[in-house]
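**Q** Below you'll find data_36.csv; it's CSV, N, CA, C and O atoms.
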chain,number,residue,atom,x,y,z
A,1,MET,N,22.2,-98.2,-7.2
A,1,MET,CA,23.5,-97.9,-7.7
A,1,MET,C,23.7,-96.4,-7.9
A,1,MET,O,22.8,-95.8,-8.5
A,2,CYS,N,24.7,-95.8,-7.4
A,2,CYS,CA,25.0,-94.4,-7.6
A,2,CYS,C,25.7,-94.1,-8.8
A,2,CYS,O,26.7,-94.8,-9.2
A,3,GLU,N,25.3,-93.1,-9.6
A,3,GLU,CA,26.0,-92.7,-10.7
A,3,GLU,C,27.0,-91.6,-10.3
A,3,GLU,O,26.7,-90.8,-9.4
A,4,ASN,N,28.2,-91.7,-10.9
A,4,ASN,CA,29.2,-90.6,-10.6
A,4,ASN,C,28.9,-89.4,-11.4
A,4,ASN,O,28.7,-89.4,-12.6
A,5,GLU,N,28.7,-88.3,-10.7
A,5,GLU,CA,28.5,-87.0,-11.4
A,5,GLU,C,29.6,-86.1,-11.0
A,5,GLU,O,30.1,-86.2,-9.8
A,6,TYR,N,30.0,-85.2,-11.9
A,6,TYR,CA,31.1,-84.3,-11.6
A,6,TYR,C,30.5,-82.9,-11.9
A,6,TYR,O,30.0,-82.7,-13.0
A,7,ALA,N,30.7,-82.0,-11.0
A,7,ALA,CA,30.4,-80.6,-11.3
A,7,ALA,C,31.5,-79.7,-10.7
A,7,ALA,O,32.0,-80.0,-9.7
A,8,SER,N,31.8,-78.7,-11.4
A,8,SER,CA,32.8,-77.7,-10.9
A,8,SER,C,32.2,-76.3,-10.9
A,8,SER,O,31.3,-76.0,-11.7
A,9,PHE,N,32.6,-75.6,-9.9
A,9,PHE,CA,32.1,-74.2,-9.6
A,9,PHE,C,33.3,-73.3,-9.4
A,9,PHE,O,34.3,-73.6,-8.9
A,10,LEU,N,33.1,-72.1,-9.9
A,10,LEU,CA,34.0,-71.0,-9.7
A,10,LEU,C,33.4,-70.0,-8.7
A,10,LEU,O,32.3,-69.5,-9.0
A,11,VAL,N,34.0,-69.8,-7.6
A,11,VAL,CA,33.5,-68.9,-6.6
A,11,VAL,C,34.3,-67.6,-6.6
A,11,VAL,O,35.6,-67.7,-6.5
A,12,ARG,N,33.7,-66.5,-6.8
A,12,ARG,CA,34.4,-65.2,-6.8
A,12,ARG,C,33.8,-64.3,-5.6
A,12,ARG,O,32.6,-64.3,-5.5
A,13,CYS,N,34.7,-63.7,-4.9
A,13,CYS,CA,34.3,-62.9,-3.7
A,13,CYS,C,35.1,-61.6,-3.8
A,13,CYS,O,36.3,-61.6,-4.1
A,14,TRP,N,34.4,-60.5,-3.5
A,14,TRP,CA,35.1,-59.2,-3.5
A,14,TRP,C,34.4,-58.2,-2.5
A,14,TRP,O,33.2,-58.4,-2.2
A,15,CYS,N,35.1,-57.2,-2.1
A,15,CYS,CA,34.6,-56.1,-1.3
A,15,CYS,C,34.7,-54.8,-2.0
A,15,CYS,O,35.8,-54.5,-2.5
A,16,ASN,N,33.7,-54.0,-2.0
A,16,ASN,CA,33.7,-52.7,-2.5
A,16,ASN,C,33.7,-51.8,-1.3
A,16,ASN,O,32.8,-51.9,-0.5
A,17,THR,N,34.7,-50.9,-1.2
A,17,THR,CA,34.7,-50.0,-0.1
A,17,THR,C,34.9,-48.6,-0.5
A,17,THR,O,35.5,-48.3,-1.6
A,18,ALA,N,34.3,-47.7,0.2
A,18,ALA,CA,34.4,-46.3,0.0
A,18,ALA,C,34.8,-45.6,1.3
A,18,ALA,O,34.4,-46.2,2.4
A,19,ALA,N,35.4,-44.5,1.3
A,19,ALA,CA,35.8,-43.8,2.5
A,19,ALA,C,34.7,-43.6,3.5
A,19,ALA,O,34.9,-43.6,4.7
A,20,ASP,N,33.5,-43.2,2.9
A,20,ASP,CA,32.4,-42.9,3.8
A,20,ASP,C,31.3,-44.0,3.9
A,20,ASP,O,30.2,-43.7,4.4
A,21,GLU,N,31.6,-45.2,3.5
A,21,GLU,CA,30.6,-46.2,3.5
A,21,GLU,C,31.2,-47.5,4.2
A,21,GLU,O,32.4,-47.7,4.3
A,22,ASP,N,30.3,-48.3,4.6
A,22,ASP,CA,30.6,-49.6,5.1
A,22,ASP,C,31.1,-50.5,3.9
A,22,ASP,O,30.9,-50.2,2.8
A,23,VAL,N,31.7,-51.6,4.3
A,23,VAL,CA,32.2,-52.6,3.3
A,23,VAL,C,31.0,-53.2,2.6
A,23,VAL,O,30.1,-53.7,3.3
A,24,ASP,N,31.0,-53.3,1.3
A,24,ASP,CA,29.9,-53.9,0.5
A,24,ASP,C,30.5,-55.2,0.0
A,24,ASP,O,31.2,-55.2,-1.0
A,25,TRP,N,30.1,-56.3,0.7
A,25,TRP,CA,30.5,-57.6,0.3
A,25,TRP,C,29.7,-58.1,-0.9
A,25,TRP,O,28.5,-58.0,-0.8
A,26,GLN,N,30.3,-58.7,-1.9
A,26,GLN,CA,29.6,-59.3,-3.0
A,26,GLN,C,30.3,-60.5,-3.5
A,26,GLN,O,31.5,-60.8,-3.2
A,27,GLY,N,29.6,-61.4,-4.2
A,27,GLY,CA,30.2,-62.6,-4.8
A,27,GLY,C,29.3,-63.2,-5.8
A,27,GLY,O,28.2,-62.7,-6.0
A,28,GLU,N,29.8,-64.3,-6.4
A,28,GLU,CA,29.0,-65.0,-7.3
A,28,GLU,C,29.6,-66.4,-7.4
A,28,GLU,O,30.8,-66.7,-7.1
A,29,ILE,N,28.7,-67.4,-7.8
A,29,ILE,CA,29.1,-68.7,-8.0
A,29,ILE,C,28.7,-69.1,-9.4
A,29,ILE,O,27.6,-68.9,-9.8
A,30,GLU,N,29.7,-69.6,-10.2
A,30,GLU,CA,29.4,-69.9,-11.6
A,30,GLU,C,29.5,-71.5,-11.7
A,30,GLU,O,30.5,-72.1,-11.3
A,31,HIS,N,28.5,-72.1,-12.3
A,31,HIS,CA,28.6,-73.5,-12.6
A,31,HIS,C,29.3,-73.7,-13.9
A,31,HIS,O,28.8,-73.2,-14.9
A,32,ILE,N,30.5,-74.2,-13.9
A,32,ILE,CA,31.3,-74.3,-15.1
A,32,ILE,C,30.7,-75.0,-16.2
A,32,ILE,O,30.8,-74.6,-17.4
A,33,GLN,N,30.0,-76.1,-16.0
A,33,GLN,CA,29.5,-76.9,-17.1
A,33,GLN,C,28.3,-76.2,-17.8
A,33,GLN,O,28.1,-76.4,-19.0
A,34,THR,N,27.5,-75.4,-17.1
A,34,THR,CA,26.4,-74.8,-17.7
A,34,THR,C,26.6,-73.3,-17.9
A,34,THR,O,25.9,-72.7,-18.7
A,35,GLY,N,27.5,-72.7,-17.2
A,35,GLY,CA,27.7,-71.2,-17.3
A,35,GLY,C,26.7,-70.4,-16.5
A,35,GLY,O,26.8,-69.2,-16.4
A,36,ASN,N,25.8,-71.1,-15.8
A,36,ASN,CA,24.8,-70.4,-14.9
A,36,ASN,C,25.5,-69.8,-13.7
A,36,ASN,O,26.5,-70.3,-13.2
A,37,THR,N,25.1,-68.6,-13.4
A,37,THR,CA,25.7,-67.8,-12.3
A,37,THR,C,24.7,-67.3,-11.3
A,37,THR,O,23.6,-66.9,-11.7
A,38,VAL,N,25.1,-67.4,-10.0
A,38,VAL,CA,24.2,-66.8,-9.0
A,38,VAL,C,25.0,-65.7,-8.3
A,38,VAL,O,26.2,-65.9,-7.9
A,39,ARG,N,24.4,-64.5,-8.2
A,39,ARG,CA,25.0,-63.4,-7.5
A,39,ARG,C,24.7,-63.5,-6.1
A,39,ARG,O,23.6,-63.8,-5.7
A,40,LEU,N,25.7,-63.1,-5.2
A,40,LEU,CA,25.5,-63.2,-3.8
A,40,LEU,C,25.7,-61.8,-3.2
A,40,LEU,O,26.5,-61.0,-3.7
A,41,GLN,N,25.0,-61.5,-2.1
A,41,GLN,CA,25.1,-60.3,-1.4
A,41,GLN,C,25.7,-60.4,0.0
A,41,GLN,O,26.0,-59.3,0.6
A,42,SER,N,26.0,-61.6,0.5
A,42,SER,CA,26.6,-61.7,1.8
A,42,SER,C,27.3,-63.1,1.9
A,42,SER,O,27.0,-64.0,1.1
A,43,PRO,N,28.2,-63.2,2.8
A,43,PRO,CA,28.8,-64.6,3.0
A,43,PRO,C,27.8,-65.6,3.4
A,43,PRO,O,28.0,-66.8,3.1
A,44,GLU,N,26.7,-65.2,4.1
A,44,GLU,CA,25.7,-66.2,4.4
A,44,GLU,C,25.0,-66.7,3.2
A,44,GLU,O,24.6,-67.9,3.2
A,45,ASP,N,24.8,-65.9,2.2
A,45,ASP,CA,24.2,-66.3,0.9
A,45,ASP,C,25.1,-67.4,0.3
A,45,ASP,O,24.6,-68.4,-0.2
A,46,LEU,N,26.4,-67.2,0.3
A,46,LEU,CA,27.4,-68.1,-0.2
A,46,LEU,C,27.2,-69.5,0.5
A,46,LEU,O,27.1,-70.5,-0.2
A,47,VAL,N,27.2,-69.5,1.8
A,47,VAL,CA,27.0,-70.7,2.5
A,47,VAL,C,25.7,-71.4,2.2
A,47,VAL,O,25.6,-72.6,2.0
A,48,ALA,N,24.6,-70.6,2.1
A,48,ALA,CA,23.3,-71.2,1.8
A,48,ALA,C,23.3,-71.9,0.5
A,48,ALA,O,22.8,-73.0,0.3
A,49,VAL,N,23.9,-71.3,-0.5
A,49,VAL,CA,23.9,-71.9,-1.9
A,49,VAL,C,24.8,-73.1,-1.9
A,49,VAL,O,24.4,-74.1,-2.4
A,50,LEU,N,25.9,-73.1,-1.3
A,50,LEU,CA,26.8,-74.2,-1.2
A,50,LEU,C,26.2,-75.4,-0.5
A,50,LEU,O,26.4,-76.5,-0.8
A,51,ASN,N,25.4,-75.1,0.6
A,51,ASN,CA,24.7,-76.2,1.3
A,51,ASN,C,23.7,-76.9,0.5
A,51,ASN,O,23.4,-78.0,0.7
A,52,GLU,N,23.1,-76.2,-0.5
A,52,GLU,CA,22.1,-76.8,-1.3
A,52,GLU,C,22.6,-77.6,-2.5
A,52,GLU,O,21.9,-78.5,-3.0
A,53,LEU,N,23.8,-77.4,-2.9
A,53,LEU,CA,24.4,-78.0,-4.1
A,53,LEU,C,24.6,-79.5,-4.0
A,53,LEU,O,24.2,-80.2,-4.9
A,54,PRO,N,25.2,-80.1,-3.0
A,54,PRO,CA,25.5,-81.5,-3.0
A,54,PRO,C,24.3,-82.4,-3.2
A,54,PRO,O,24.4,-83.4,-3.9
A,55,GLY,N,23.2,-82.0,-2.6
A,55,GLY,CA,22.0,-82.9,-2.7
A,55,GLY,C,21.1,-82.6,-4.0
A,55,GLY,O,20.2,-83.4,-4.3
A,56,GLY,N,21.5,-81.6,-4.7
A,56,GLY,CA,20.6,-81.2,-5.8
A,56,GLY,C,21.3,-80.8,-7.1
A,56,GLY,O,21.0,-79.8,-7.7
A,57,LEU,N,22.3,-81.5,-7.4
A,57,LEU,CA,23.1,-81.2,-8.6
A,57,LEU,C,22.3,-81.3,-9.9
A,57,LEU,O,22.6,-80.7,-10.9
A,58,GLU,N,21.2,-82.1,-9.9
A,58,GLU,CA,20.4,-82.2,-11.1
A,58,GLU,C,19.6,-80.9,-11.3
A,58,GLU,O,19.1,-80.6,-12.3
A,59,THR,N,19.4,-80.1,-10.2
A,59,THR,CA,18.8,-78.8,-10.3
A,59,THR,C,19.9,-77.8,-10.7
A,59,THR,O,20.9,-77.7,-10.0
A,60,THR,N,19.7,-77.1,-11.8
A,60,THR,CA,20.7,-76.1,-12.2
A,60,THR,C,20.9,-75.0,-11.2
A,60,THR,O,19.9,-74.6,-10.5
A,61,ILE,N,22.0,-74.5,-11.1
A,61,ILE,CA,22.3,-73.5,-10.1
A,61,ILE,C,21.5,-72.2,-10.2
A,61,ILE,O,21.2,-71.5,-9.3
A,62,ASP,N,21.0,-71.9,-11.4
A,62,ASP,CA,20.3,-70.7,-11.6
A,62,ASP,C,18.9,-70.8,-11.0
A,62,ASP,O,18.2,-69.8,-10.9
A,63,THR,N,18.5,-71.9,-10.5
A,63,THR,CA,17.2,-72.1,-9.9
A,63,THR,C,17.2,-72.0,-8.4
A,63,THR,O,16.2,-72.0,-7.7
A,64,ILE,N,18.4,-71.8,-7.8
A,64,ILE,CA,18.5,-71.8,-6.4
A,64,ILE,C,18.2,-70.3,-5.9
A,64,ILE,O,18.9,-69.4,-6.5
A,65,ASP,N,17.3,-70.2,-5.0
A,65,ASP,CA,17.0,-68.8,-4.5
A,65,ASP,C,18.0,-68.4,-3.5
A,65,ASP,O,18.4,-69.1,-2.6
A,66,THR,N,18.5,-67.1,-3.7
A,66,THR,CA,19.4,-66.5,-2.7
A,66,THR,C,18.8,-65.2,-2.3
A,66,THR,O,18.0,-64.6,-2.9
Would it be possible to restate this file's structure as structure tokens?
**A**
Amino acid sequence: MCENEYASFLVRCWCNTAADEDVDWQGEIEHIQTGNTVRLQSPEDLVAVLNELPGGLETTIDTIDT
């Protein structure tokens, strides 16, 4: 029997740009229930973290390697 679990996440994404530099993409994912946050350095990091979450919600988000 499956237990119903609920988890919510806040995803923040932003770009830092300077006139003489490339776009610096950054982001973070915050697990609302625990407050744990993962910092991201690329859109690929975001996808990798999100792909790991559905199967491993019992593992807190701060243990996911990015």
**Q** To one decimal place in Å, what is the distance between atom O of Gln33 of chain A and atom C of Tyr6 of chain A?
**A**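 Distance reported for this atom pair: 9.9 Å.
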**Q** Of the residues A:Leu53, A:Asp22, A:Phe9, A:Glu28, which is the one nearest to Leu40 of chain A, using only N, CA, C and O atoms?
**A**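 Among A:Leu53, A:Asp22, A:Phe9, A:Glu28, it is A:Glu28 that comes nearest to Leu40 of chain A.
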**Q** Need the shell around Val11 of chain A: protein/DNA/RNA residues with any atom at most 7 Å away, counting all atoms listed in the file. Skip same-chain ones fewer than 4 positions apart. Format as a list of chain:residue names?
**A**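 Neighbouring residues, sequence-local ones excluded: A:Gly27, A:Glu28, A:Ile29, A:Glu30.
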**Q** Could you please take those selected residues and save N, CA, C and O atoms as a compact mmCIF listing (two decimals), in the frame of the given file?
**A**
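Result saved to result_37.txt:
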# COMPACT_ATOMS: atom_id res chain seq x y z
N GLY A 27 29.60 -61.40 -4.20
CA GLY A 27 30.20 -62.60 -4.80
C GLY A 27 29.30 -63.20 -5.80
O GLY A 27 28.20 -62.70 -6.00
N GLU A 28 29.80 -64.30 -6.40
CA GLU A 28 29.00 -65.00 -7.30
C GLU A 28 29.60 -66.40 -7.40
O GLU A 28 30.80 -66.70 -7.10
N ILE A 29 28.70 -67.40 -7.80
CA ILE A 29 29.10 -68.70 -8.00
C ILE A 29 28.70 -69.10 -9.40
O ILE A 29 27.60 -68.90 -9.80
N GLU A 30 29.70 -69.60 -10.20
CA GLU A 30 29.40 -69.90 -11.60
C GLU A 30 29.50 -71.50 -11.70
O GLU A 30 30.50 -72.10 -11.30
**Q** Which protein, DNA or RNA residues have an atom at most 5 Å from (29.6, -55.9, -2.6), counting only N, CA, C and O atoms? List them as a list in words.
**A**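 Answer for this query, in the requested form: Trp14, Asn16, Asp24, Trp25 and Gln26 of chain A.
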**Q** Figure out the distance between atom CA of Cys15 of chain A and atom O of Asn36 of chain A, please, to one decimal in Å.
**A**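 Spanning atom O of Asn36 of chain A to atom CA of Cys15 of chain A is a straight-line distance of 20.2 Å.
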**Q** From the DSSP assignment of the backbone, select every residue of segment 27-57 of chain A that is helix (DSSP H, G or I), and format the answer as a ChimeraX atom specification.
**A** /A:43-52
**Q** So how far away is atom C of Thr17 of chain A from atom C of Gly35 of chain A, in Å?
**A**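 Here the two named atoms are 28.3 Å from each other.
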